[in-house]
Amino acid sequence: MSTFQKGYVVAAILAVLTIVEYIFAISINDDHVRFAGLAIAGIAKAALIATYFMHIARAWQRNEAH
Amino acid sequence: MAVAAPVHHGQHVDRLFLNRIGLWFFFFSESILFGLLLSARFYLLRLDIPFEVKEDGSLHQLVSQQLGLIITIILLLSSVTAFTAETAIEHDRRTLAKWMLFATIVLGLVFAAGVGFEWHEAEFEKRSAFGTVFFTMTGIHAAHVISGIGMLTLSWSMLLRGGFSSKSHWGISSTVMYWHFVDVVWVFFYPALYLVDKV
């Protein structure tokens with residue numbers, strides 16, 4: 001899979017998570033369950049962005065010039 | 001007259017390493033600021049609610065759920081165009097990089113306008129604690145969005161003038177990383193402000 005394709009797959013997952021997050025929040029009445037679901041979705045989205053868009057793994061690499 | 005010392009490849013790589021580490025430390029320090037704002041919002045979770053009680057006893061939400069979702073999708077789209085711009089310059093596809101940076105700037109401006117519209121439409125009372133934290137969180141985030149738009153515009157103008165290549169594109173990479181960081185912050189701000197409390 002090319003770098004472009006990988007990024008677009010991640011973007012699609014982020015879009016789905018955002019829609020699911022919205023539907024989940026407006027349909028769940030229990031405050032604790034809603035908070036837990038939103039926190040898990042938020043952490044998952046942040047991890048995806050940090051890994052695939054912000055390239056966190058590159059932060060510790062010394063041999064890649066650009 | 002002083003002569004600048006030549007920069008060797010190894011020094012360049014080390015400088016990039018330091019740039020990256022410095023940028024991540026900057027993100028860490030910014031995360032503390034945004035984390036404190038989130039903690040202020042959750043401290044108010046049971047003290048002040050973002051609803052108005054109408055005369056018939058029904059509750060009216062003071063923030064617009066639809067607008068919140070729309071501007072979130074716009075910011076997410078801008079992250080996709082920013083990612084495409086960075087990947088394009090890594091592959092020397094300059095024309096694609098120019099258009100994608102331009103699209104990111106436009107989407108950022110649309111997001112900022114959406115926040116401005118939300119401020120205009122918001123019906124908070126002046127003494128509302130939630131209103132205060134809402135304006136503070138969205139305001140500081142919007143300030144970061146606007147500074148990001150400024151940096152994207154600078155990178156775009158440098159790209160238009162022939163700057164950057166697949167071998168040297170830290171200016172675009174760092175700006176795009178900053179833009180993604182602003183997106184990550186909104187990933188937590190959006191549910192905290194719009195979705196945690198509901199009627």
# chains A, B, ... in the order shown; residues from 1 in each chain; ligands from 1
$ interface_residues --of "chain B" --to "chain A" --cutoff "8 Å" --atoms "only C-alpha atoms" --output "ChimeraX atom specification"
/B:12-14,16-17,20-21,24,69,73,76,80,83-84,87,166-170,176-177,180-181,184,187-188,191,195-198
$ select_by_dssp --residues "chain A" --states "helix (DSSP H, G or I)" --output "PyMOL selection string"
chain A and resi 3-27+31-53+56-60
$ write_last_selection --atoms "N, CA and C atoms" --output "compact mmCIF listing (two decimals), in the first residue's frame"
# COMPACT_ATOMS: atom_id res chain seq x y z
N THR A 3 2.09 5.28 0.43
CA THR A 3 1.93 6.22 1.56
C THR A 3 0.61 6.97 1.44
N PHE A 4 0.28 7.38 0.20
CA PHE A 4 -0.98 8.11 -0.03
C PHE A 4 -2.17 7.24 0.40
N GLN A 5 -2.19 5.99 -0.09
CA GLN A 5 -3.32 5.09 0.19
C GLN A 5 -3.47 4.86 1.69
N LYS A 6 -2.31 4.65 2.35
CA LYS A 6 -2.35 4.40 3.80
C LYS A 6 -2.97 5.60 4.52
N GLY A 7 -2.58 6.80 4.11
CA GLY A 7 -3.13 8.02 4.72
C GLY A 7 -4.63 8.14 4.51
N TYR A 8 -5.09 7.78 3.31
CA TYR A 8 -6.53 7.91 3.03
C TYR A 8 -7.34 6.86 3.79
N VAL A 9 -6.77 5.67 3.99
CA VAL A 9 -7.45 4.65 4.80
C VAL A 9 -7.59 5.15 6.24
N VAL A 10 -6.50 5.75 6.77
CA VAL A 10 -6.54 6.31 8.12
C VAL A 10 -7.59 7.43 8.21
N ALA A 11 -7.62 8.29 7.18
CA ALA A 11 -8.59 9.39 7.15
C ALA A 11 -10.02 8.84 7.15
N ALA A 12 -10.25 7.76 6.39
CA ALA A 12 -11.59 7.15 6.35
C ALA A 12 -11.96 6.60 7.73
N ILE A 13 -11.00 5.97 8.40
CA ILE A 13 -11.26 5.44 9.75
C ILE A 13 -11.59 6.59 10.70
N LEU A 14 -10.85 7.71 10.59
CA LEU A 14 -11.11 8.88 11.44
C LEU A 14 -12.52 9.44 11.19
N ALA A 15 -12.92 9.48 9.91
CA ALA A 15 -14.25 9.99 9.57
C ALA A 15 -15.33 9.09 10.16
N VAL A 16 -15.15 7.77 10.03
CA VAL A 16 -16.13 6.82 10.57
C VAL A 16 -16.20 6.96 12.10
N LEU A 17 -15.03 7.06 12.74
CA LEU A 17 -15.00 7.20 14.21
C LEU A 17 -15.73 8.48 14.65
N THR A 18 -15.57 9.57 13.87
CA THR A 18 -16.22 10.84 14.22
C THR A 18 -17.74 10.71 14.13
N ILE A 19 -18.22 10.07 13.07
CA ILE A 19 -19.67 9.89 12.90
C ILE A 19 -20.22 8.96 13.99
N VAL A 20 -19.50 7.86 14.24
CA VAL A 20 -19.92 6.90 15.28
C VAL A 20 -19.95 7.59 16.64
N GLU A 21 -18.94 8.42 16.90
CA GLU A 21 -18.84 9.17 18.16
C GLU A 21 -20.08 10.06 18.35
N TYR A 22 -20.47 10.74 17.28
CA TYR A 22 -21.63 11.63 17.33
C TYR A 22 -22.92 10.84 17.58
N ILE A 23 -23.12 9.76 16.81
CA ILE A 23 -24.34 8.95 16.96
C ILE A 23 -24.37 8.32 18.36
N PHE A 24 -23.23 7.81 18.80
CA PHE A 24 -23.12 7.20 20.13
C PHE A 24 -23.51 8.23 21.21
N ALA A 25 -22.96 9.45 21.09
CA ALA A 25 -23.20 10.47 22.13
C ALA A 25 -24.66 10.88 22.20
N ILE A 26 -25.33 10.97 21.05
CA ILE A 26 -26.73 11.43 21.10
C ILE A 26 -27.70 10.29 21.42
N SER A 27 -27.22 9.04 21.36
CA SER A 27 -28.15 7.94 21.61
C SER A 27 -27.96 7.25 22.96
N ASP A 31 -24.48 8.67 31.54
CA ASP A 31 -23.37 9.64 31.48
C ASP A 31 -22.00 8.97 31.49
N HIS A 32 -21.85 7.94 32.34
CA HIS A 32 -20.55 7.30 32.48
C HIS A 32 -20.17 6.52 31.22
N VAL A 33 -21.17 5.80 30.67
CA VAL A 33 -20.92 5.03 29.44
C VAL A 33 -20.59 5.98 28.30
N ARG A 34 -21.34 7.10 28.21
CA ARG A 34 -21.09 8.08 27.15
C ARG A 34 -19.68 8.67 27.27
N PHE A 35 -19.30 9.03 28.51
CA PHE A 35 -17.96 9.60 28.72
C PHE A 35 -16.88 8.58 28.34
N ALA A 36 -17.07 7.32 28.78
CA ALA A 36 -16.06 6.29 28.48
C ALA A 36 -15.94 6.07 26.97
N GLY A 37 -17.08 6.00 26.29
CA GLY A 37 -17.06 5.80 24.83
C GLY A 37 -16.38 6.94 24.11
N LEU A 38 -16.69 8.17 24.52
CA LEU A 38 -16.10 9.35 23.88
C LEU A 38 -14.59 9.41 24.15
N ALA A 39 -14.19 9.04 25.38
CA ALA A 39 -12.76 9.07 25.73
C ALA A 39 -12.00 8.04 24.90
N ILE A 40 -12.58 6.84 24.75
CA ILE A 40 -11.90 5.78 23.96
C ILE A 40 -11.79 6.23 22.49
N ALA A 41 -12.88 6.79 21.94
CA ALA A 41 -12.85 7.25 20.55
C ALA A 41 -11.81 8.35 20.37
N GLY A 42 -11.77 9.29 21.33
CA GLY A 42 -10.81 10.41 21.24
C GLY A 42 -9.38 9.93 21.28
N ILE A 43 -9.08 9.00 22.20
CA ILE A 43 -7.71 8.49 22.32
C ILE A 43 -7.32 7.71 21.05
N ALA A 44 -8.28 6.92 20.53
CA ALA A 44 -8.00 6.14 19.30
C ALA A 44 -7.71 7.08 18.13
N LYS A 45 -8.52 8.15 17.99
CA LYS A 45 -8.31 9.10 16.89
C LYS A 45 -6.98 9.83 17.04
N ALA A 46 -6.67 10.26 18.27
CA ALA A 46 -5.40 10.97 18.50
C ALA A 46 -4.21 10.06 18.20
N ALA A 47 -4.33 8.77 18.58
CA ALA A 47 -3.23 7.82 18.33
C ALA A 47 -3.03 7.62 16.83
N LEU A 48 -4.13 7.53 16.08
CA LEU A 48 -4.03 7.36 14.62
C LEU A 48 -3.36 8.57 13.98
N ILE A 49 -3.78 9.78 14.40
CA ILE A 49 -3.21 11.01 13.82
C ILE A 49 -1.72 11.12 14.16
N ALA A 50 -1.38 10.85 15.44
CA ALA A 50 0.03 10.96 15.86
C ALA A 50 0.89 9.95 15.13
N THR A 51 0.36 8.74 14.91
CA THR A 51 1.16 7.69 14.28
C THR A 51 1.31 7.89 12.77
N TYR A 52 0.19 8.10 12.09
CA TYR A 52 0.23 8.10 10.62
C TYR A 52 0.36 9.48 10.00
N PHE A 53 -0.13 10.53 10.65
CA PHE A 53 -0.04 11.87 10.07
C PHE A 53 1.13 12.68 10.67
N ILE A 56 5.05 10.06 14.53
CA ILE A 56 5.74 10.14 15.84
C ILE A 56 6.97 9.22 15.89
N ALA A 57 6.91 8.12 15.14
CA ALA A 57 8.05 7.19 15.17
C ALA A 57 9.31 7.84 14.58
N ARG A 58 9.12 8.80 13.64
CA ARG A 58 10.28 9.46 13.02
C ARG A 58 11.01 10.37 14.01
N ALA A 59 10.33 10.76 15.09
CA ALA A 59 10.93 11.71 16.03
C ALA A 59 12.24 11.19 16.60
N TRP A 60 12.37 9.88 16.72
CA TRP A 60 13.57 9.30 17.35
C TRP A 60 14.56 8.78 16.34
$ closest_residue --among "B:Phe164, B:Trp119, B:Phe189, B:Phe34" --to "Ser64 in chain B" --atoms "only C-alpha atoms"
B:Trp119
$ residues_around --residues "Phe124 in chain B" --least-positions-apart "2" --cutoff "9 Å" --atoms "only C-alpha atoms" --output "number ranges by chain"
B: 50, 52, 62-63, 122, 126-128, 130-132
$ write_last_selection --atoms "N, CA and C atoms" --output "PDB file, in the first residue's frame"
ATOM      1  N   PRO B  50     -24.683  23.234  29.726  1.00  0.00           N
ATOM      2  CA  PRO B  50     -24.843  24.083  28.541  1.00  0.00           C
ATOM      3  C   PRO B  50     -26.273  24.078  27.995  1.00  0.00           C
ATOM      4  N   GLU B  52     -30.405  25.799  28.414  1.00  0.00           N
ATOM      5  CA  GLU B  52     -31.262  26.860  28.917  1.00  0.00           C
ATOM      6  C   GLU B  52     -32.632  26.227  29.197  1.00  0.00           C
ATOM      7  N   LEU B  62     -27.361  25.137  24.286  1.00  0.00           N
ATOM      8  CA  LEU B  62     -26.820  26.454  23.934  1.00  0.00           C
ATOM      9  C   LEU B  62     -25.761  26.398  22.822  1.00  0.00           C
ATOM     10  N   VAL B  63     -25.230  25.219  22.546  1.00  0.00           N
ATOM     11  CA  VAL B  63     -24.286  25.098  21.436  1.00  0.00           C
ATOM     12  C   VAL B  63     -24.952  24.293  20.317  1.00  0.00           C
ATOM     13  N   ALA B 122     -23.991  31.784  19.733  1.00  0.00           N
ATOM     14  CA  ALA B 122     -24.062  31.231  21.095  1.00  0.00           C
ATOM     15  C   ALA B 122     -24.899  32.145  21.993  1.00  0.00           C
ATOM     16  N   LYS B 126     -23.844  36.201  30.512  1.00  0.00           N
ATOM     17  CA  LYS B 126     -22.493  36.680  30.830  1.00  0.00           C
ATOM     18  C   LYS B 126     -21.902  35.973  32.050  1.00  0.00           C
ATOM     19  N   ARG B 127     -22.760  35.513  32.981  1.00  0.00           N
ATOM     20  CA  ARG B 127     -22.250  34.872  34.187  1.00  0.00           C
ATOM     21  C   ARG B 127     -22.116  33.356  34.026  1.00  0.00           C
ATOM     22  N   SER B 128     -22.395  32.844  32.836  1.00  0.00           N
ATOM     23  CA  SER B 128     -22.359  31.399  32.622  1.00  0.00           C
ATOM     24  C   SER B 128     -20.922  30.875  32.682  1.00  0.00           C
ATOM     25  N   PHE B 130     -20.006  27.782  32.004  1.00  0.00           N
ATOM     26  CA  PHE B 130     -19.754  26.975  30.796  1.00  0.00           C
ATOM     27  C   PHE B 130     -19.446  27.891  29.610  1.00  0.00           C
ATOM     28  N   GLY B 131     -20.175  29.016  29.520  1.00  0.00           N
ATOM     29  CA  GLY B 131     -19.920  29.970  28.442  1.00  0.00           C
ATOM     30  C   GLY B 131     -18.489  30.475  28.484  1.00  0.00           C
ATOM     31  N   THR B 132     -18.005  30.759  29.700  1.00  0.00           N
ATOM     32  CA  THR B 132     -16.627  31.253  29.854  1.00  0.00           C
ATOM     33  C   THR B 132     -15.628  30.210  29.363  1.00  0.00           C
TER      34      THR B 132
END
$ select_by_dssp --residues "range 13-194 of chain B" --states "strand (DSSP E or B)" --output "list in words"
Phe51, Glu52, Val53, Leu59, His60 and Gln61 of chain B
$ write_last_selection --atoms "N, CA and C atoms" --output "mmCIF file, in the first residue's frame"
data_model
loop_
_atom_site.group_PDB
_atom_site.id
_atom_site.type_symbol
_atom_site.label_atom_id
_atom_site.label_comp_id
_atom_site.auth_asym_id
_atom_site.auth_seq_id
_atom_site.Cartn_x
_atom_site.Cartn_y
_atom_site.Cartn_z
ATOM 1 N N PHE B 51 -27.239 24.198 28.887
ATOM 2 C CA PHE B 51 -28.634 24.211 28.462
ATOM 3 C C PHE B 51 -29.353 25.416 29.064
ATOM 4 N N GLU B 52 -30.405 25.799 28.414
ATOM 5 C CA GLU B 52 -31.262 26.860 28.917
ATOM 6 C C GLU B 52 -32.632 26.227 29.197
ATOM 7 N N VAL B 53 -33.179 26.490 30.391
ATOM 8 C CA VAL B 53 -34.497 25.947 30.725
ATOM 9 C C VAL B 53 -35.547 26.932 30.220
ATOM 10 N N LEU B 59 -35.609 21.748 27.831
ATOM 11 C CA LEU B 59 -34.217 22.201 27.805
ATOM 12 C C LEU B 59 -33.797 22.524 26.371
ATOM 13 N N HIS B 60 -33.095 23.650 26.223
ATOM 14 C CA HIS B 60 -32.610 24.064 24.909
ATOM 15 C C HIS B 60 -31.087 24.117 24.973
ATOM 16 N N GLN B 61 -30.417 23.340 24.087
ATOM 17 C CA GLN B 61 -28.950 23.299 24.108
ATOM 18 C C GLN B 61 -28.373 24.610 23.578
#
$ residues_around --residues "Thr153 in chain B" --least-positions-apart "6" --cutoff "9 Å" --atoms "only C-alpha atoms" --output "PDB file with N, CA and C atoms, in the first residue's frame"
ATOM      1  N   LEU B 101      -1.786  22.304  -0.214  1.00  0.00           N
ATOM      2  CA  LEU B 101      -1.521  23.324   0.824  1.00  0.00           C
ATOM      3  C   LEU B 101      -2.557  24.440   0.733  1.00  0.00           C
ATOM      4  N   PHE B 102      -2.868  24.830  -0.503  1.00  0.00           N
ATOM      5  CA  PHE B 102      -3.876  25.874  -0.706  1.00  0.00           C
ATOM      6  C   PHE B 102      -5.232  25.412  -0.158  1.00  0.00           C
ATOM      7  N   ILE B 105      -5.312  25.638   3.587  1.00  0.00           N
ATOM      8  CA  ILE B 105      -5.493  27.025   4.037  1.00  0.00           C
ATOM      9  C   ILE B 105      -6.977  27.408   3.952  1.00  0.00           C
TER      10      ILE B 105
END
$ residues_around --residues "Ala192 in chain B" --least-positions-apart "5" --cutoff "8 Å" --atoms "only C-alpha atoms" --output "compact mmCIF listing (two decimals) with C-alpha atoms, in the first residue's frame"
# COMPACT_ATOMS: atom_id res chain seq x y z
CA LEU B 38 -10.04 20.37 29.42
CA ARG B 41 -14.34 22.08 31.42
CA PHE B 42 -14.76 18.75 33.29
$ atom_distance --atom1 "CA of Leu160 in chain B" --atom2 "CA of Gly148 in chain B"
18.1 Å
$ atom_distance --atom1 "CA of Leu18 in chain B" --atom2 "CA of Glu86 in chain B"
19.7 Å
$ atom_distance --atom1 "CA of Thr175 in chain B" --atom2 "CA of Ala82 in chain B"
9.1 Å
